[in-house]
>>> print(open('start33.cif').read())   # mmCIF, C-alpha atoms
data_my_file
#
loop_
_atom_site.group_PDB
_atom_site.id
_atom_site.type_symbol
_atom_site.label_atom_id
_atom_site.label_comp_id
_atom_site.auth_asym_id
_atom_site.auth_seq_id
_atom_site.Cartn_x
_atom_site.Cartn_y
_atom_site.Cartn_z
ATOM 1 C CA MET Y 819 -18.057 18.939 -12.800
ATOM 2 C CA SER Y 820 -15.244 18.293 -15.235
ATOM 3 C CA ARG Y 821 -14.677 14.883 -16.753
ATOM 4 C CA TYR Y 822 -11.365 14.583 -14.907
ATOM 5 C CA ILE Y 823 -10.278 15.420 -11.374
ATOM 6 C CA SER Y 824 -6.770 16.714 -10.640
ATOM 7 C CA ALA Y 825 -5.242 19.057 -8.085
ATOM 8 C CA GLN Y 826 -1.960 20.800 -7.323
ATOM 9 C CA SER Y 827 -1.665 21.735 -3.642
ATOM 10 C CA GLY Y 828 -2.658 19.729 -0.579
ATOM 11 C CA HIS Y 829 -5.558 22.099 0.031
ATOM 12 C CA GLU Y 830 -6.782 21.786 -3.559
ATOM 13 C CA LEU Y 831 -6.273 18.033 -3.366
ATOM 14 C CA LEU Y 832 -8.533 17.737 -0.331
ATOM 15 C CA ASP Y 833 -11.158 20.004 -1.903
ATOM 16 C CA GLU Y 834 -11.163 17.973 -5.125
ATOM 17 C CA MET Y 835 -11.355 14.735 -3.154
ATOM 18 C CA LYS Y 836 -14.414 16.034 -1.284
ATOM 19 C CA LEU Y 837 -16.001 17.101 -4.562
ATOM 20 C CA LEU Y 838 -15.456 13.671 -6.115
ATOM 21 C CA SER Y 839 -16.627 11.943 -2.942
ATOM 22 C CA GLY Y 840 -19.763 14.071 -2.727
ATOM 23 C CA ARG Y 841 -20.717 13.355 -6.333
ATOM 24 C CA THR Y 842 -20.121 9.635 -5.811
ATOM 25 C CA ILE Y 843 -22.186 9.592 -2.606
ATOM 26 C CA GLU Y 844 -25.017 11.429 -4.347
ATOM 27 C CA GLU Y 845 -24.987 9.008 -7.297
ATOM 28 C CA ARG Y 846 -24.983 5.975 -4.998
ATOM 29 C CA ARG Y 847 -27.744 7.426 -2.777
ATOM 30 C CA LYS Y 848 -29.983 8.155 -5.741
ATOM 31 C CA HIS Y 849 -29.321 4.734 -7.243
ATOM 32 C CA ALA Y 850 -30.373 3.150 -3.920
ATOM 33 C CA ARG Y 851 -33.482 5.395 -3.860
ATOM 34 C CA ILE Y 852 -32.588 6.812 -0.470
ATOM 35 C CA THR Y 853 -33.488 10.398 0.381
ATOM 36 C CA GLN Y 854 -31.017 12.839 1.870
ATOM 37 C CA ARG Y 855 -33.126 12.864 5.028
ATOM 38 C CA GLN Y 856 -32.998 9.046 5.288
ATOM 39 C CA LEU Y 857 -29.233 8.968 4.826
ATOM 40 C CA ALA Y 858 -28.809 11.746 7.373
ATOM 41 C CA GLY Y 859 -30.900 9.811 9.893
ATOM 42 C CA THR Y 860 -28.848 6.668 9.324
ATOM 43 C CA ILE Y 861 -25.566 8.365 10.187
ATOM 44 C CA GLY Y 862 -26.947 10.782 12.773
ATOM 45 C CA ILE Y 863 -26.525 14.182 11.124
ATOM 46 C CA GLY Y 864 -28.870 16.778 9.656
ATOM 47 C CA ALA Y 865 -30.083 16.616 6.047
ATOM 48 C CA ARG Y 866 -28.379 19.984 5.457
ATOM 49 C CA TRP Y 867 -25.013 18.303 5.968
ATOM 50 C CA ILE Y 868 -25.863 15.643 3.392
ATOM 51 C CA ARG Y 869 -26.543 18.437 0.890
ATOM 52 C CA GLU Y 870 -23.190 20.012 1.797
ATOM 53 C CA ILE Y 871 -21.350 16.685 1.478
ATOM 54 C CA GLU Y 872 -22.926 15.898 -1.891
ATOM 55 C CA ALA Y 873 -22.031 19.378 -3.127
ATOM 56 C CA GLY Y 874 -18.398 18.769 -2.130
ATOM 57 C CA ASN Y 875 -18.367 21.650 0.335
ATOM 58 C CA PRO Y 876 -14.776 22.067 1.567
ATOM 59 C CA ARG Y 877 -16.123 22.555 5.125
ATOM 60 C CA SER Y 878 -17.423 18.983 5.189
ATOM 61 C CA THR Y 879 -15.197 16.511 6.980
ATOM 62 C CA ILE Y 880 -13.682 13.365 5.534
ATOM 63 C CA ASP Y 881 -15.085 11.315 8.412
ATOM 64 C CA LEU Y 882 -18.623 12.330 7.388
ATOM 65 C CA HIS Y 883 -17.854 11.356 3.791
ATOM 66 C CA ILE Y 884 -16.646 7.968 5.021
ATOM 67 C CA LYS Y 885 -19.739 7.506 7.218
ATOM 68 C CA CYS Y 886 -22.002 8.302 4.256
ATOM 69 C CA ALA Y 887 -20.058 5.958 2.008
ATOM 70 C CA ALA Y 888 -20.255 3.133 4.550
ATOM 71 C CA ALA Y 889 -23.992 3.641 4.994
ATOM 72 C CA LEU Y 890 -24.382 3.339 1.221
ATOM 73 C CA GLY Y 891 -22.137 0.294 0.915
ATOM 74 C CA LEU Y 892 -19.238 2.131 -0.742
ATOM 75 C CA PRO Y 893 -15.768 0.923 0.239
ATOM 76 C CA VAL Y 894 -13.332 3.558 1.517
ATOM 77 C CA SER Y 895 -11.140 2.768 -1.467
ATOM 78 C CA TYR Y 896 -13.482 4.885 -3.611
ATOM 79 C CA LEU Y 897 -11.512 7.795 -2.120
ATOM 80 C CA LEU Y 898 -8.051 6.262 -2.111
ATOM 81 C CA VAL Y 899 -7.633 5.212 -5.745
ATOM 82 C CA PRO Y 900 -8.462 8.661 -7.186
ATOM 83 C CA LEU Y 901 -6.330 10.223 -4.449
ATOM 84 C CA LEU Y 902 -3.278 8.333 -5.764
ATOM 85 C CA PHE Y 903 -3.844 9.970 -9.140
ATOM 86 C CA MET Y 904 -4.502 13.435 -7.736
ATOM 87 C CA GLU Y 905 -1.504 13.257 -5.419
ATOM 88 C CA SER Y 906 0.707 12.582 -8.445
ATOM 89 C CA ASP Y 907 -0.938 15.461 -10.333
ATOM 90 C CA MET Y 908 -2.508 13.009 -12.754
ATOM 91 C CA LYS Y 909 -6.029 13.305 -14.069
ATOM 92 C CA PHE Y 910 -8.466 10.677 -12.841
ATOM 93 C CA PRO Y 911 -11.399 9.816 -15.100
ATOM 94 C CA VAL Y 912 -14.487 10.351 -12.942
ATOM 95 C CA GLY Y 913 -16.516 7.810 -14.912
ATOM 96 C CA PHE Y 914 -14.414 4.985 -13.501
ATOM 97 C CA ILE Y 915 -15.778 5.617 -10.016
ATOM 98 C CA VAL Y 916 -19.361 5.281 -11.131
ATOM 99 C CA ASP Y 917 -19.085 2.712 -13.918
ATOM 100 C CA HIS Y 918 -15.965 0.601 -13.401
ATOM 101 C CA PHE Y 919 -14.826 0.939 -9.817
ATOM 102 C CA ALA Y 920 -14.993 -2.726 -8.752
ATOM 103 C CA GLY Y 921 -12.709 -3.774 -11.604
ATOM 104 C CA LEU Y 922 -10.410 -0.801 -11.097
ATOM 105 C CA LYS Y 923 -10.099 -1.568 -7.387
ATOM 106 C CA ASP Y 924 -9.322 -5.238 -8.040
ATOM 107 C CA HIS Y 925 -6.735 -4.365 -10.685
ATOM 108 C CA THR Y 926 -5.103 -1.777 -8.399
ATOM 109 C CA ILE Y 927 -4.798 -4.309 -5.583
ATOM 110 C CA LYS Y 928 -3.315 -6.868 -7.993
ATOM 111 C CA CYS Y 929 -0.767 -4.335 -9.282
ATOM 112 C CA ILE Y 930 0.284 -3.395 -5.748
ATOM 113 C CA GLY Y 931 0.600 -7.078 -4.825
ATOM 114 C CA ASP Y 932 2.647 -7.845 -7.960
ATOM 115 C CA TYR Y 933 4.925 -4.881 -7.288
ATOM 116 C CA TYR Y 934 5.397 -5.974 -3.679
ATOM 117 C CA LEU Y 935 6.271 -9.550 -4.693
ATOM 118 C CA GLU Y 936 8.697 -8.365 -7.383
ATOM 119 C CA THR Y 937 10.432 -6.022 -4.932
ATOM 120 C CA LEU Y 938 10.602 -8.722 -2.283
ATOM 121 C CA GLY Y 939 12.020 -11.171 -4.835
ATOM 122 C CA LYS Y 940 14.788 -8.710 -5.746
ATOM 123 C CA GLN Y 941 15.689 -8.296 -2.075
ATOM 124 C CA VAL Y 942 16.063 -12.011 -1.358
ATOM 125 C CA ARG Y 943 17.704 -13.040 -4.664
ATOM 126 C CA PRO Y 944 21.526 -13.363 -4.525
ATOM 127 C CA ALA Y 945 23.486 -10.667 -6.387
ATOM 128 C CA GLY Y 946 23.897 -11.519 -10.069
ATOM 129 C CA ASP Y 947 21.040 -14.046 -9.987
ATOM 130 C CA HIS Y 948 18.382 -13.281 -12.526
ATOM 131 C CA PRO Y 949 14.813 -14.560 -12.522
ATOM 132 C CA PRO Y 950 13.945 -17.217 -15.104
ATOM 133 C CA PRO Y 951 12.580 -15.837 -18.399
ATOM 134 C CA ALA Y 952 8.841 -15.533 -18.683
ATOM 135 C CA ALA Y 953 7.006 -18.344 -20.441
ATOM 136 C CA GLY Y 954 7.023 -17.915 -24.204
ATOM 137 C CA ALA Y 955 9.926 -15.428 -24.107
#
>>> encode(input="start33.cif", output="C-alpha coordinates")
Amino acid sequence: MSRYISAQSGHELLDEMKLLSGRTIEERRKHARITQRQLAGTIGIGARWIREIEAGNPRSTIDLHIKCAAALGLPVSYLLVPLLFMESDMKFPVGFIVDHFAGLKDHTIKCIGDYYLETLGKQVRPAGDHPPPAAGA
(Lines of atoms letter the chains of each structure in order from A and count residues from 1; the text may use other names and numbers.)
(Lines give C-alpha, C1' and ligand atoms only; values in the text may rest on other atoms or scores of the structure.)
Protein backbone atom coordinates (compact mmCIF):
# COMPACT_ATOMS: atom_id res chain seq x y z
CA MET A 1 0.00 0.00 0.00
CA SER A 2 1.27 3.47 -0.77
CA ARG A 3 2.29 5.87 1.97
CA TYR A 4 -0.60 8.17 1.06
CA ILE A 5 -4.24 7.55 0.17
CA SER A 6 -6.05 9.74 -2.36
CA ALA A 7 -8.83 9.20 -4.89
CA GLN A 8 -10.56 11.01 -7.74
CA SER A 9 -14.06 9.62 -8.38
CA GLY A 10 -16.71 8.57 -5.88
CA HIS A 11 -16.13 4.93 -6.80
CA GLU A 12 -12.37 5.24 -6.34
CA LEU A 13 -12.96 7.15 -3.12
CA LEU A 14 -15.04 4.33 -1.66
CA ASP A 15 -12.52 1.71 -2.80
CA GLU A 16 -9.63 3.63 -1.24
CA MET A 17 -11.61 4.13 1.96
CA LYS A 18 -12.22 0.37 2.19
CA LEU A 19 -8.54 -0.30 1.57
CA LEU A 20 -7.49 2.10 4.33
CA SER A 21 -10.16 0.74 6.66
CA GLY A 22 -9.15 -2.86 6.02
CA ARG A 23 -5.49 -2.15 6.73
CA THR A 24 -6.41 -0.29 9.92
CA ILE A 25 -8.70 -3.11 11.08
CA GLU A 26 -5.98 -5.67 10.41
CA GLU A 27 -3.38 -3.65 12.33
CA ARG A 28 -5.72 -3.18 15.30
CA ARG A 29 -6.76 -6.87 15.29
CA LYS A 30 -3.17 -8.06 15.28
CA HIS A 31 -2.20 -5.58 17.99
CA ALA A 32 -5.05 -6.95 20.15
CA ARG A 33 -3.90 -10.53 19.37
CA ILE A 34 -7.29 -11.50 18.02
CA THR A 35 -7.55 -14.02 15.20
CA GLN A 36 -9.65 -13.44 12.11
CA ARG A 37 -11.88 -16.30 13.23
CA GLN A 38 -12.40 -14.71 16.67
CA LEU A 39 -13.27 -11.34 15.17
CA ALA A 40 -15.63 -12.98 12.70
CA GLY A 41 -17.39 -14.81 15.53
CA THR A 42 -17.76 -11.59 17.51
CA ILE A 43 -19.60 -9.80 14.71
CA GLY A 44 -21.39 -12.84 13.30
CA ILE A 45 -19.78 -13.32 9.89
CA GLY A 46 -17.44 -15.88 8.35
CA ALA A 47 -13.65 -15.61 8.67
CA ARG A 48 -13.48 -15.35 4.86
CA TRP A 49 -15.22 -11.99 5.07
CA ILE A 50 -12.68 -10.74 7.61
CA ARG A 51 -9.93 -11.62 5.12
CA GLU A 52 -11.83 -9.73 2.40
CA ILE A 53 -12.38 -6.70 4.66
CA GLU A 54 -8.73 -6.57 5.71
CA ALA A 55 -7.66 -6.82 2.07
CA GLY A 56 -9.89 -3.83 1.24
CA ASN A 57 -12.03 -5.83 -1.17
CA PRO A 58 -14.39 -3.38 -2.90
CA ARG A 59 -17.23 -5.92 -2.48
CA SER A 60 -17.06 -5.58 1.30
CA THR A 61 -19.66 -3.28 2.81
CA ILE A 62 -19.03 -0.22 4.93
CA ASP A 63 -21.37 -1.54 7.62
CA LEU A 64 -19.12 -4.61 8.04
CA HIS A 65 -16.08 -2.34 8.29
CA ILE A 66 -17.86 -0.34 10.99
CA LYS A 67 -18.88 -3.51 12.86
CA CYS A 68 -15.28 -4.75 12.79
CA ALA A 69 -13.99 -1.38 13.94
CA ALA A 70 -16.47 -1.25 16.81
CA ALA A 71 -15.57 -4.77 17.91
CA LEU A 72 -11.92 -3.70 18.00
CA GLY A 73 -12.60 -0.44 19.84
CA LEU A 74 -11.93 1.82 16.84
CA PRO A 75 -14.12 4.92 16.62
CA VAL A 76 -15.99 5.46 13.35
CA SER A 77 -14.00 8.66 12.91
CA TYR A 78 -11.06 6.53 11.75
CA LEU A 79 -12.95 6.50 8.43
CA LEU A 80 -14.25 10.05 8.42
CA VAL A 81 -11.05 12.07 8.89
CA PRO A 82 -9.21 10.44 5.96
CA LEU A 83 -12.41 10.68 3.91
CA LEU A 84 -12.35 14.48 4.28
CA PHE A 85 -8.89 14.47 2.72
CA MET A 86 -9.76 12.02 -0.04
CA GLU A 87 -12.97 13.84 -0.89
CA SER A 88 -10.94 17.02 -1.44
CA ASP A 89 -8.43 15.08 -3.56
CA MET A 90 -5.77 15.58 -0.91
CA LYS A 91 -3.31 12.93 0.13
CA PHE A 92 -3.78 11.53 3.62
CA PRO A 93 -0.71 10.16 5.39
CA VAL A 94 -1.63 6.60 6.35
CA GLY A 95 0.76 6.59 9.31
CA PHE A 96 -1.47 9.05 11.15
CA ILE A 97 -4.22 6.46 11.44
CA VAL A 98 -1.96 3.94 13.10
CA ASP A 99 0.39 6.17 15.08
CA HIS A 100 -1.30 9.51 15.78
CA PHE A 101 -5.03 9.12 15.33
CA ALA A 102 -6.19 10.12 18.83
CA GLY A 103 -4.38 13.45 18.60
CA LEU A 104 -5.46 14.00 15.01
CA LYS A 105 -9.09 13.32 15.91
CA ASP A 106 -8.97 15.71 18.87
CA HIS A 107 -7.33 18.44 16.79
CA THR A 108 -9.88 17.98 13.98
CA ILE A 109 -12.78 18.33 16.41
CA LYS A 110 -11.19 21.45 17.92
CA CYS A 111 -10.70 23.00 14.47
CA ILE A 112 -14.32 22.31 13.50
CA GLY A 113 -15.52 23.77 16.81
CA ASP A 114 -13.34 26.88 16.40
CA TYR A 115 -14.57 27.37 12.84
CA TYR A 116 -18.18 26.99 13.96
CA LEU A 117 -17.75 29.55 16.77
CA GLU A 118 -15.99 32.02 14.47
CA THR A 119 -18.74 31.70 11.85
CA LEU A 120 -21.45 32.05 14.47
CA GLY A 121 -19.70 35.13 15.90
CA LYS A 122 -19.65 36.77 12.46
CA GLN A 123 -23.37 36.11 12.04
CA VAL A 124 -24.40 37.71 15.33
CA ARG A 125 -21.94 40.65 15.31
CA PRO A 126 -23.41 43.97 14.06
CA ALA A 127 -22.17 45.15 10.65
CA GLY A 128 -18.92 47.10 10.93
CA ASP A 129 -18.17 45.69 14.40
CA HIS A 130 -14.82 43.98 14.55
CA PRO A 131 -13.68 41.49 17.16
CA PRO A 132 -11.12 42.72 19.70
CA PRO A 133 -7.48 42.11 18.71
CA ALA A 134 -5.91 38.92 19.92
CA ALA A 135 -3.80 39.11 23.07
CA GLY A 136 -0.26 40.23 22.34
CA ALA A 137 -1.19 41.63 18.90
>>> resolve_selection(input="start33.cif", expression="the PyMOL selection byres ((chain Y and resi 832-849) around 6)", output="JSON list (two decimals) with C-alpha atoms, in the frame of the given file")
[["chain", "number", "residue", "atom", "x", "y", "z"],
["Y", 829, "HIS", "CA", -5.56, 22.10, 0.03],
["Y", 830, "GLU", "CA", -6.78, 21.79, -3.56],
["Y", 831, "LEU", "CA", -6.27, 18.03, -3.37],
["Y", 850, "ALA", "CA", -30.37, 3.15, -3.92],
["Y", 851, "ARG", "CA", -33.48, 5.40, -3.86],
["Y", 852, "ILE", "CA", -32.59, 6.81, -0.47],
["Y", 871, "ILE", "CA", -21.35, 16.68, 1.48],
["Y", 872, "GLU", "CA", -22.93, 15.90, -1.89],
["Y", 873, "ALA", "CA", -22.03, 19.38, -3.13],
["Y", 874, "GLY", "CA", -18.40, 18.77, -2.13],
["Y", 876, "PRO", "CA", -14.78, 22.07, 1.57]]
>>> atom_distance(input="start33.cif", atom1="CA of Gln854 (chain Y)", atom2="CA of Leu902 (chain Y)")
29.1 Å
>>> atom_distance(input="start33.cif", atom1="CA of Thr860 (chain Y)", atom2="CA of Leu882 (chain Y)")
11.8 Å
>>> resolve_selection(input="start33.cif", expression="the PyMOL selection byres ((chain Y and resi 861-864) around 12)", output="PyMOL selection string")
chain Y and resi 854-860+865-871+878+881-890
>>> atom_distance(input="start33.cif", atom1="CA of Ser895 (chain Y)", atom2="CA of Gln941 (chain Y)")
29.0 Å
>>> closest_residue(input="start33.cif", among="Y:Gly921, Y:Pro911, Y:Asp932, Y:Thr926", to="Leu898 (chain Y)", atoms="only C-alpha atoms")
Y:Thr926
>>> build_atoms(input="start33.cif", residues="region 860-880 of chain Y", atoms="N, CA and C atoms", output="PDB file, keeping the file's coordinate frame")
ATOM      1  N   THR Y 860     -29.653   7.878   9.156  1.00  0.00           N
ATOM      2  CA  THR Y 860     -28.848   6.668   9.324  1.00  0.00           C
ATOM      3  C   THR Y 860     -27.511   6.964   9.992  1.00  0.00           C
ATOM      4  N   ILE Y 861     -26.891   8.077   9.609  1.00  0.00           N
ATOM      5  CA  ILE Y 861     -25.566   8.365  10.187  1.00  0.00           C
ATOM      6  C   ILE Y 861     -25.605   9.394  11.321  1.00  0.00           C
ATOM      7  N   GLY Y 862     -26.806   9.915  11.615  1.00  0.00           N
ATOM      8  CA  GLY Y 862     -26.947  10.782  12.773  1.00  0.00           C
ATOM      9  C   GLY Y 862     -26.546  12.224  12.578  1.00  0.00           C
ATOM     10  N   ILE Y 863     -26.790  12.761  11.374  1.00  0.00           N
ATOM     11  CA  ILE Y 863     -26.525  14.182  11.124  1.00  0.00           C
ATOM     12  C   ILE Y 863     -27.764  14.791  10.475  1.00  0.00           C
ATOM     13  N   GLY Y 864     -27.753  16.103  10.295  1.00  0.00           N
ATOM     14  CA  GLY Y 864     -28.870  16.778   9.656  1.00  0.00           C
ATOM     15  C   GLY Y 864     -28.820  16.643   8.140  1.00  0.00           C
ATOM     16  N   ALA Y 865     -29.987  16.718   7.511  1.00  0.00           N
ATOM     17  CA  ALA Y 865     -30.083  16.616   6.047  1.00  0.00           C
ATOM     18  C   ALA Y 865     -29.291  17.729   5.364  1.00  0.00           C
ATOM     19  N   ARG Y 866     -29.169  18.875   6.014  1.00  0.00           N
ATOM     20  CA  ARG Y 866     -28.379  19.984   5.457  1.00  0.00           C
ATOM     21  C   ARG Y 866     -26.941  19.551   5.207  1.00  0.00           C
ATOM     22  N   TRP Y 867     -26.396  18.759   6.136  1.00  0.00           N
ATOM     23  CA  TRP Y 867     -25.013  18.303   5.968  1.00  0.00           C
ATOM     24  C   TRP Y 867     -24.883  17.332   4.807  1.00  0.00           C
ATOM     25  N   ILE Y 868     -25.901  16.540   4.553  1.00  0.00           N
ATOM     26  CA  ILE Y 868     -25.863  15.643   3.392  1.00  0.00           C
ATOM     27  C   ILE Y 868     -25.805  16.475   2.107  1.00  0.00           C
ATOM     28  N   ARG Y 869     -26.597  17.546   2.057  1.00  0.00           N
ATOM     29  CA  ARG Y 869     -26.543  18.437   0.890  1.00  0.00           C
ATOM     30  C   ARG Y 869     -25.142  19.022   0.727  1.00  0.00           C
ATOM     31  N   GLU Y 870     -24.540  19.431   1.840  1.00  0.00           N
ATOM     32  CA  GLU Y 870     -23.190  20.012   1.797  1.00  0.00           C
ATOM     33  C   GLU Y 870     -22.155  18.975   1.346  1.00  0.00           C
ATOM     34  N   ILE Y 871     -22.279  17.761   1.849  1.00  0.00           N
ATOM     35  CA  ILE Y 871     -21.350  16.685   1.478  1.00  0.00           C
ATOM     36  C   ILE Y 871     -21.470  16.385  -0.013  1.00  0.00           C
ATOM     37  N   GLU Y 872     -22.706  16.218  -0.482  1.00  0.00           N
ATOM     38  CA  GLU Y 872     -22.926  15.898  -1.891  1.00  0.00           C
ATOM     39  C   GLU Y 872     -22.472  17.016  -2.817  1.00  0.00           C
ATOM     40  N   ALA Y 873     -22.503  18.242  -2.337  1.00  0.00           N
ATOM     41  CA  ALA Y 873     -22.031  19.378  -3.127  1.00  0.00           C
ATOM     42  C   ALA Y 873     -20.511  19.496  -3.092  1.00  0.00           C
ATOM     43  N   GLY Y 874     -19.857  18.705  -2.240  1.00  0.00           N
ATOM     44  CA  GLY Y 874     -18.398  18.769  -2.130  1.00  0.00           C
ATOM     45  C   GLY Y 874     -17.909  19.964  -1.356  1.00  0.00           C
ATOM     46  N   ASN Y 875     -18.745  20.487  -0.466  1.00  0.00           N
ATOM     47  CA  ASN Y 875     -18.367  21.650   0.335  1.00  0.00           C
ATOM     48  C   ASN Y 875     -17.057  21.383   1.060  1.00  0.00           C
ATOM     49  N   PRO Y 876     -16.063  22.255   0.897  1.00  0.00           N
ATOM     50  CA  PRO Y 876     -14.776  22.067   1.567  1.00  0.00           C
ATOM     51  C   PRO Y 876     -14.877  22.029   3.096  1.00  0.00           C
ATOM     52  N   ARG Y 877     -15.960  22.580   3.672  1.00  0.00           N
ATOM     53  CA  ARG Y 877     -16.123  22.555   5.125  1.00  0.00           C
ATOM     54  C   ARG Y 877     -16.560  21.185   5.640  1.00  0.00           C
ATOM     55  N   SER Y 878     -17.038  20.327   4.749  1.00  0.00           N
ATOM     56  CA  SER Y 878     -17.423  18.983   5.189  1.00  0.00           C
ATOM     57  C   SER Y 878     -16.164  18.223   5.600  1.00  0.00           C
ATOM     58  N   THR Y 879     -16.351  17.263   6.486  1.00  0.00           N
ATOM     59  CA  THR Y 879     -15.197  16.511   6.980  1.00  0.00           C
ATOM     60  C   THR Y 879     -15.115  15.152   6.306  1.00  0.00           C
ATOM     61  N   ILE Y 880     -13.905  14.662   6.171  1.00  0.00           N
ATOM     62  CA  ILE Y 880     -13.682  13.365   5.534  1.00  0.00           C
ATOM     63  C   ILE Y 880     -14.391  12.263   6.317  1.00  0.00           C
TER      64      ILE Y 880
END
